[in-house]
Amino acid sequence: MKKILVVDDDEKICWAFEQFLAEEGYKPIIANNAEEGLRQVESETPDIVLLDVRLPGMNGLDALEQIKSMQPDAIVVVMTAHDDVDTTIQAMKLQAFDFLPKPIDLDKVKVVLDRAIQMQTARGELQFSDAQMPSSFLGPRLIGKSAQMQEIYKLIGIMSTNTITVLIEGESGTGKELIAQAIHANSVRRDKPFVAVNCGALPDELLESELFGYDPGAFTGASAKGKPGRFELADGGTLLLDEVSNMSPALQVKLQRALQEQEIERVGGTETIGVDVRIIAVTNRDLGEASRLGKFREDLYYRFKRLSIHLPPLRDRVEDIPLLVDHFLMLISAELDKPVRGVSSRCLQYLQGYDWPGNVRELENALKSAAVLSRSDIVLPEHLPPEIVGYRESKHSNRPELEKQLESALRPIIDEAVTDIRDSLYNEVIDAVDGALIRIVLDGADANQTKSAKLLGISRTTLLQKIKKLGIEVN
């Protein structure tokens with residue numbers, strides 16, 4: 001029987017878990033604080049630990065770190081009502097198996113436990129190497145607590161434990177570079193350079209020299225001293241290739257070789273220069289589709305695809321918009337030196353009802369222009385760009401006409417269906433009444449059909465037809 005340790009200071013939650021786990025066939029072990037939980041880990045060696053973050057005395061993250069120190073293979077699921085970004089990323093960096101926000105959904109707990117048991121079974125067949133993880137979350141602040149963003153934070157924590165090439169995909173304005181910075185800032189390379197180059201902003205010749213550098217006299221106008229490229233500048237750290245899908249096939253070949261051999265040659269040079277660089281590639285296009293169409297090297301695509309993150313567009317995580325609004329208004333207030341407390345509820349409805357083709361970047365710019373136009377510390381709908389207000393209005397303005405057209409098209413179908421239902425119900429009622437009445441009359445007439453027909457006021461033939469149709473037994 002698998003043993004599950006629950007570490008939580010809420011007695012009601014512990015009781016609920018105890019009942020639930022026992023019903024699911026597990027042996028529950030309960031601890032009300034981190035210190036007791038650590039003792040249970042040492043003495044009972046539980047298969048899975050469900051660990052609350054907010055505990056009296058030692059907090060859950062410190063306990064998680066100690067559990068991992070005691071038992072590196074321990075499966076720990078972190079639980080907390082305070083599902084902030086830092087806690088989620090820190091928990092994943094400390095190698096938590098998963099992260100469950102409170103209030104706890106027992107159906108989700110069951111799914112996580114099933115996955116944990118499956119992983120534990122697989123772990124018995126495989127050997128994993130331990131990864132050292134930074135002790136605190138660093139880098140840019142990431143905003144959002146939607147399910148999609150929670151998964152992104154988990155991936156950042158996981159990707160921060162290694163130096164494998166990463167591909168970040170998503171529409172323009174979703175914050176792909178911020179994710180790249182967060183991965184670097186939490187990795188073992190965080191004290192080394194983070195260098196970015198926009199592959200879509202430079203022509204091929206300039207991009208090649210930017211990436212690989214050039215030797216003196218490599219081309220007309222080249223510096224007499226030459227110049228190191230971004231690969232050399234990022235040595236030991238991380239190189240961000242923004243909009244990598246715009247790179248020409250010839251340059252893709254040179255990039256593939258640099259990644260494979262971990263060495264480069266400057267433009268116009270003959271000397272091989274060794275480099276140790278982690279690549280994070282960013283694109284707003286579908287690299288897989290580009291590869292299938294022959295517009296991007298297949299081998300380079302699969303090298304990028306080893307670890308990938310897909311950032312959802314803002315329209316798919318509208319629940320994050322209020323948090324983003326608060327965050328941006330705080331920054332905008334400081335930038336404009338003007339207090340902006342928030343947006344009206346009506347204004348927020350417009351913001352959450354808009355499609356946001358420019359994503360988070362467009363939201364920030366819209367709020368900045370609205371804050372400038374606002375004469376008070378509250379942003380109202382009239383301060384928003386007209387396309388945002390017009391978008392919501394256009395979705396509603398045609399509704400009455402569309403409803404009329406829909407009703408006109410559906411009315412004959414609905415009327416026919418209602419008639420069929422009404423006729424069917426009527427026939428069922430008539431048959432039920434007929435059946436009951438015939439049985440009563442037959443019983444009273446000692447099953448004499450001629451006499452029964454006369455009492456009912458119908459012919460004997462009609463009576464026989466109804467007896468057969470209604471399945472009436474005549475004794």
# chains A, B, ... in the order shown; residues from 1 in each chain; ligands from 1
>>> residues_around(residues="A:Asp326", least_positions_apart="3", cutoff="9 Å", atoms="only C-alpha atoms", output="PyMOL selection string")
chain A and resi 321-323+329-331+341-343
>>> residues_around(residues="A:Glu243", least_positions_apart="4", cutoff="6 Å", atoms="only C-alpha atoms", output="number ranges by chain")
A: 199-200, 282-283
>>> write_last_selection(atoms="N, CA, C and O atoms", output="compact mmCIF listing (two decimals), in the first residue's frame")
# COMPACT_ATOMS: atom_id res chain seq x y z
N CYS A 199 17.05 38.79 -35.16
CA CYS A 199 17.39 38.25 -36.47
C CYS A 199 16.52 38.83 -37.58
O CYS A 199 16.87 38.70 -38.77
N GLY A 200 15.40 39.43 -37.23
CA GLY A 200 14.52 39.98 -38.26
C GLY A 200 14.78 41.42 -38.58
O GLY A 200 14.22 41.98 -39.53
N VAL A 282 13.53 32.45 -30.29
CA VAL A 282 12.19 33.03 -30.12
C VAL A 282 11.59 33.28 -31.50
O VAL A 282 12.29 33.76 -32.40
N THR A 283 10.31 32.96 -31.66
CA THR A 283 9.66 33.21 -32.95
C THR A 283 8.17 33.40 -32.76
O THR A 283 7.57 32.84 -31.84
>>> residues_around(residues="A:Leu142", least_positions_apart="5", cutoff="10 Å", atoms="only C-alpha atoms", output="PyMOL selection string")
chain A and resi 84-86+149+153+175+178-179+182+324+327
>>> write_last_selection(atoms="all heavy atoms", output="PDB file, in the first residue's frame")
ATOM      1  N   ASP A  84       1.081  32.643  -6.027  1.00  0.00           N
ATOM      2  CA  ASP A  84       1.801  33.712  -6.702  1.00  0.00           C
ATOM      3  C   ASP A  84       2.916  33.130  -7.565  1.00  0.00           C
ATOM      4  O   ASP A  84       3.296  31.969  -7.420  1.00  0.00           O
ATOM      5  CB  ASP A  84       2.372  34.693  -5.676  1.00  0.00           C
ATOM      6  CG  ASP A  84       3.309  33.995  -4.710  1.00  0.00           C
ATOM      7  OD1 ASP A  84       2.823  33.444  -3.700  1.00  0.00           O
ATOM      8  OD2 ASP A  84       4.511  33.986  -4.978  1.00  0.00           O
ATOM      9  N   VAL A  85       3.422  33.977  -8.455  1.00  0.00           N
ATOM     10  CA  VAL A  85       4.422  33.532  -9.427  1.00  0.00           C
ATOM     11  C   VAL A  85       5.680  33.018  -8.740  1.00  0.00           C
ATOM     12  O   VAL A  85       6.197  31.953  -9.050  1.00  0.00           O
ATOM     13  CB  VAL A  85       4.775  34.686 -10.388  1.00  0.00           C
ATOM     14  CG1 VAL A  85       5.878  34.269 -11.327  1.00  0.00           C
ATOM     15  CG2 VAL A  85       3.546  35.108 -11.161  1.00  0.00           C
ATOM     16  N   ASP A  86       6.189  33.790  -7.766  1.00  0.00           N
ATOM     17  CA  ASP A  86       7.446  33.431  -7.119  1.00  0.00           C
ATOM     18  C   ASP A  86       7.363  32.058  -6.460  1.00  0.00           C
ATOM     19  O   ASP A  86       8.279  31.242  -6.569  1.00  0.00           O
ATOM     20  CB  ASP A  86       7.823  34.486  -6.075  1.00  0.00           C
ATOM     21  CG  ASP A  86       8.220  35.805  -6.716  1.00  0.00           C
ATOM     22  OD1 ASP A  86       8.142  35.893  -7.953  1.00  0.00           O
ATOM     23  OD2 ASP A  86       8.598  36.738  -5.990  1.00  0.00           O
ATOM     24  N   MET A 149      -0.591  30.213 -17.547  1.00  0.00           N
ATOM     25  CA  MET A 149       0.631  30.837 -17.043  1.00  0.00           C
ATOM     26  C   MET A 149       1.256  30.016 -15.925  1.00  0.00           C
ATOM     27  O   MET A 149       2.481  29.977 -15.782  1.00  0.00           O
ATOM     28  CB  MET A 149       0.332  32.261 -16.567  1.00  0.00           C
ATOM     29  CG  MET A 149      -0.015  33.230 -17.693  1.00  0.00           C
ATOM     30  SD  MET A 149       1.245  33.277 -19.011  1.00  0.00           S
ATOM     31  CE  MET A 149       2.644  33.964 -18.144  1.00  0.00           C
ATOM     32  N   TYR A 153       5.196  28.910 -15.697  1.00  0.00           N
ATOM     33  CA  TYR A 153       6.105  29.077 -14.556  1.00  0.00           C
ATOM     34  C   TYR A 153       6.772  27.754 -14.186  1.00  0.00           C
ATOM     35  O   TYR A 153       7.961  27.707 -13.838  1.00  0.00           O
ATOM     36  CB  TYR A 153       5.350  29.635 -13.353  1.00  0.00           C
ATOM     37  CG  TYR A 153       4.623  30.932 -13.615  1.00  0.00           C
ATOM     38  CD1 TYR A 153       3.419  31.223 -12.982  1.00  0.00           C
ATOM     39  CD2 TYR A 153       5.140  31.870 -14.504  1.00  0.00           C
ATOM     40  CE1 TYR A 153       2.746  32.403 -13.225  1.00  0.00           C
ATOM     41  CE2 TYR A 153       4.478  33.049 -14.758  1.00  0.00           C
ATOM     42  CZ  TYR A 153       3.275  33.316 -14.118  1.00  0.00           C
ATOM     43  OH  TYR A 153       2.600  34.485 -14.362  1.00  0.00           O
ATOM     44  N   GLY A 175       5.281  38.450 -24.705  1.00  0.00           N
ATOM     45  CA  GLY A 175       6.285  38.488 -23.633  1.00  0.00           C
ATOM     46  C   GLY A 175       7.313  37.376 -23.724  1.00  0.00           C
ATOM     47  O   GLY A 175       7.829  36.921 -22.703  1.00  0.00           O
ATOM     48  N   LEU A 178      10.725  38.137 -22.109  1.00  0.00           N
ATOM     49  CA  LEU A 178      10.692  38.099 -20.642  1.00  0.00           C
ATOM     50  C   LEU A 178      10.851  36.668 -20.133  1.00  0.00           C
ATOM     51  O   LEU A 178      11.532  36.424 -19.128  1.00  0.00           O
ATOM     52  CB  LEU A 178       9.369  38.672 -20.125  1.00  0.00           C
ATOM     53  CG  LEU A 178       9.168  40.182 -20.261  1.00  0.00           C
ATOM     54  CD1 LEU A 178       7.801  40.566 -19.714  1.00  0.00           C
ATOM     55  CD2 LEU A 178      10.257  40.935 -19.518  1.00  0.00           C
ATOM     56  N   ILE A 179      10.225  35.722 -20.817  1.00  0.00           N
ATOM     57  CA  ILE A 179      10.368  34.318 -20.434  1.00  0.00           C
ATOM     58  C   ILE A 179      11.817  33.880 -20.596  1.00  0.00           C
ATOM     59  O   ILE A 179      12.378  33.190 -19.740  1.00  0.00           O
ATOM     60  CB  ILE A 179       9.442  33.424 -21.274  1.00  0.00           C
ATOM     61  CG1 ILE A 179       7.979  33.836 -21.084  1.00  0.00           C
ATOM     62  CG2 ILE A 179       9.636  31.967 -20.912  1.00  0.00           C
ATOM     63  CD1 ILE A 179       7.454  33.705 -19.681  1.00  0.00           C
ATOM     64  N   ALA A 182      13.835  35.203 -17.798  1.00  0.00           N
ATOM     65  CA  ALA A 182      13.561  34.487 -16.550  1.00  0.00           C
ATOM     66  C   ALA A 182      14.290  33.148 -16.516  1.00  0.00           C
ATOM     67  O   ALA A 182      14.816  32.743 -15.473  1.00  0.00           O
ATOM     68  CB  ALA A 182      12.057  34.281 -16.387  1.00  0.00           C
ATOM     69  N   LEU A 324      -2.659  42.253 -14.915  1.00  0.00           N
ATOM     70  CA  LEU A 324      -1.791  43.010 -15.820  1.00  0.00           C
ATOM     71  C   LEU A 324      -2.113  44.495 -15.774  1.00  0.00           C
ATOM     72  O   LEU A 324      -1.196  45.338 -15.813  1.00  0.00           O
ATOM     73  CB  LEU A 324      -1.949  42.478 -17.254  1.00  0.00           C
ATOM     74  CG  LEU A 324      -1.345  41.096 -17.526  1.00  0.00           C
ATOM     75  CD1 LEU A 324      -1.899  40.511 -18.812  1.00  0.00           C
ATOM     76  CD2 LEU A 324       0.179  41.189 -17.596  1.00  0.00           C
ATOM     77  N   HIS A 327      -0.588  45.949 -12.648  1.00  0.00           N
ATOM     78  CA  HIS A 327       0.871  46.012 -12.785  1.00  0.00           C
ATOM     79  C   HIS A 327       1.300  47.167 -13.685  1.00  0.00           C
ATOM     80  O   HIS A 327       2.176  47.969 -13.319  1.00  0.00           O
ATOM     81  CB  HIS A 327       1.372  44.683 -13.348  1.00  0.00           C
ATOM     82  CG  HIS A 327       2.821  44.679 -13.714  1.00  0.00           C
ATOM     83  ND1 HIS A 327       3.836  44.738 -12.777  1.00  0.00           N
ATOM     84  CD2 HIS A 327       3.438  44.650 -14.934  1.00  0.00           C
ATOM     85  CE1 HIS A 327       5.002  44.727 -13.387  1.00  0.00           C
ATOM     86  NE2 HIS A 327       4.794  44.675 -14.700  1.00  0.00           N
TER      87      HIS A 327
END
>>> closest_residue(among="A:Thr174, A:Ser376, A:Thr419, A:Asn246", to="A:Arg361", atoms="only C-alpha atoms")
A:Thr174
>>> select_by_dssp(residues="stretch 222-285 of chain A", states="alpha helix (DSSP H)", output="ChimeraX atom specification")
/A:230-233,249-261
>>> write_last_selection(atoms="N, CA, C and O atoms", output="PDB file, in the first residue's frame")
ATOM      1  N   ARG A 230      28.189  38.208 -31.294  1.00  0.00           N
ATOM      2  CA  ARG A 230      27.349  37.964 -30.116  1.00  0.00           C
ATOM      3  C   ARG A 230      27.648  36.609 -29.469  1.00  0.00           C
ATOM      4  O   ARG A 230      27.491  36.456 -28.258  1.00  0.00           O
ATOM      5  N   PHE A 231      28.078  35.635 -30.259  1.00  0.00           N
ATOM      6  CA  PHE A 231      28.447  34.346 -29.677  1.00  0.00           C
ATOM      7  C   PHE A 231      29.598  34.518 -28.683  1.00  0.00           C
ATOM      8  O   PHE A 231      29.563  33.954 -27.581  1.00  0.00           O
ATOM      9  N   GLU A 232      30.603  35.288 -29.082  1.00  0.00           N
ATOM     10  CA  GLU A 232      31.744  35.502 -28.190  1.00  0.00           C
ATOM     11  C   GLU A 232      31.341  36.327 -26.976  1.00  0.00           C
ATOM     12  O   GLU A 232      31.769  36.053 -25.847  1.00  0.00           O
ATOM     13  N   LEU A 233      30.500  37.324 -27.192  1.00  0.00           N
ATOM     14  CA  LEU A 233      30.075  38.180 -26.077  1.00  0.00           C
ATOM     15  C   LEU A 233      29.231  37.407 -25.065  1.00  0.00           C
ATOM     16  O   LEU A 233      29.215  37.738 -23.880  1.00  0.00           O
ATOM     17  N   PRO A 249      18.526  30.563 -45.256  1.00  0.00           N
ATOM     18  CA  PRO A 249      19.016  29.172 -45.238  1.00  0.00           C
ATOM     19  C   PRO A 249      20.530  29.074 -45.089  1.00  0.00           C
ATOM     20  O   PRO A 249      21.022  28.196 -44.380  1.00  0.00           O
ATOM     21  N   ALA A 250      21.276  29.968 -45.776  1.00  0.00           N
ATOM     22  CA  ALA A 250      22.739  29.912 -45.696  1.00  0.00           C
ATOM     23  C   ALA A 250      23.220  30.168 -44.280  1.00  0.00           C
ATOM     24  O   ALA A 250      24.135  29.496 -43.779  1.00  0.00           O
ATOM     25  N   LEU A 251      22.580  31.123 -43.608  1.00  0.00           N
ATOM     26  CA  LEU A 251      22.984  31.453 -42.241  1.00  0.00           C
ATOM     27  C   LEU A 251      22.530  30.363 -41.267  1.00  0.00           C
ATOM     28  O   LEU A 251      23.186  30.114 -40.254  1.00  0.00           O
ATOM     29  N   GLN A 252      21.427  29.701 -41.601  1.00  0.00           N
ATOM     30  CA  GLN A 252      20.968  28.589 -40.771  1.00  0.00           C
ATOM     31  C   GLN A 252      22.003  27.462 -40.747  1.00  0.00           C
ATOM     32  O   GLN A 252      22.228  26.829 -39.717  1.00  0.00           O
ATOM     33  N   VAL A 253      22.637  27.238 -41.891  1.00  0.00           N
ATOM     34  CA  VAL A 253      23.677  26.197 -41.975  1.00  0.00           C
ATOM     35  C   VAL A 253      24.826  26.538 -41.037  1.00  0.00           C
ATOM     36  O   VAL A 253      25.314  25.687 -40.282  1.00  0.00           O
ATOM     37  N   LYS A 254      25.253  27.793 -41.052  1.00  0.00           N
ATOM     38  CA  LYS A 254      26.371  28.209 -40.205  1.00  0.00           C
ATOM     39  C   LYS A 254      25.987  28.158 -38.725  1.00  0.00           C
ATOM     40  O   LYS A 254      26.798  27.786 -37.873  1.00  0.00           O
ATOM     41  N   LEU A 255      24.747  28.503 -38.428  1.00  0.00           N
ATOM     42  CA  LEU A 255      24.280  28.449 -37.042  1.00  0.00           C
ATOM     43  C   LEU A 255      24.215  27.001 -36.561  1.00  0.00           C
ATOM     44  O   LEU A 255      24.624  26.694 -35.428  1.00  0.00           O
ATOM     45  N   GLN A 256      23.719  26.108 -37.410  1.00  0.00           N
ATOM     46  CA  GLN A 256      23.636  24.692 -37.049  1.00  0.00           C
ATOM     47  C   GLN A 256      25.023  24.138 -36.715  1.00  0.00           C
ATOM     48  O   GLN A 256      25.199  23.400 -35.740  1.00  0.00           O
ATOM     49  N   ARG A 257      26.009  24.510 -37.522  1.00  0.00           N
ATOM     50  CA  ARG A 257      27.366  24.029 -37.266  1.00  0.00           C
ATOM     51  C   ARG A 257      27.908  24.578 -35.955  1.00  0.00           C
ATOM     52  O   ARG A 257      28.553  23.869 -35.174  1.00  0.00           O
ATOM     53  N   ALA A 258      27.633  25.859 -35.684  1.00  0.00           N
ATOM     54  CA  ALA A 258      28.112  26.476 -34.441  1.00  0.00           C
ATOM     55  C   ALA A 258      27.510  25.779 -33.223  1.00  0.00           C
ATOM     56  O   ALA A 258      28.194  25.543 -32.219  1.00  0.00           O
ATOM     57  N   LEU A 259      26.222  25.424 -33.314  1.00  0.00           N
ATOM     58  CA  LEU A 259      25.567  24.750 -32.193  1.00  0.00           C
ATOM     59  C   LEU A 259      26.090  23.335 -32.016  1.00  0.00           C
ATOM     60  O   LEU A 259      26.269  22.853 -30.897  1.00  0.00           O
ATOM     61  N   GLN A 260      26.329  22.672 -33.127  1.00  0.00           N
ATOM     62  CA  GLN A 260      26.774  21.283 -33.063  1.00  0.00           C
ATOM     63  C   GLN A 260      28.214  21.172 -32.581  1.00  0.00           C
ATOM     64  O   GLN A 260      28.536  20.315 -31.755  1.00  0.00           O
ATOM     65  N   GLU A 261      29.074  22.048 -33.084  1.00  0.00           N
ATOM     66  CA  GLU A 261      30.500  21.954 -32.773  1.00  0.00           C
ATOM     67  C   GLU A 261      30.907  22.819 -31.582  1.00  0.00           C
ATOM     68  O   GLU A 261      32.013  22.675 -31.065  1.00  0.00           O
TER      69      GLU A 261
END
>>> atom_distance(atom1="atom CA of A:Lys3", atom2="atom CA of A:Leu50")
11.0 Å
>>> residues_around(residues="stretch 447-457 of chain A", least_positions_apart="6", cutoff="7 Å", atoms="only C-alpha atoms", output="PyMOL selection string")
chain A and resi 441+463+474-475
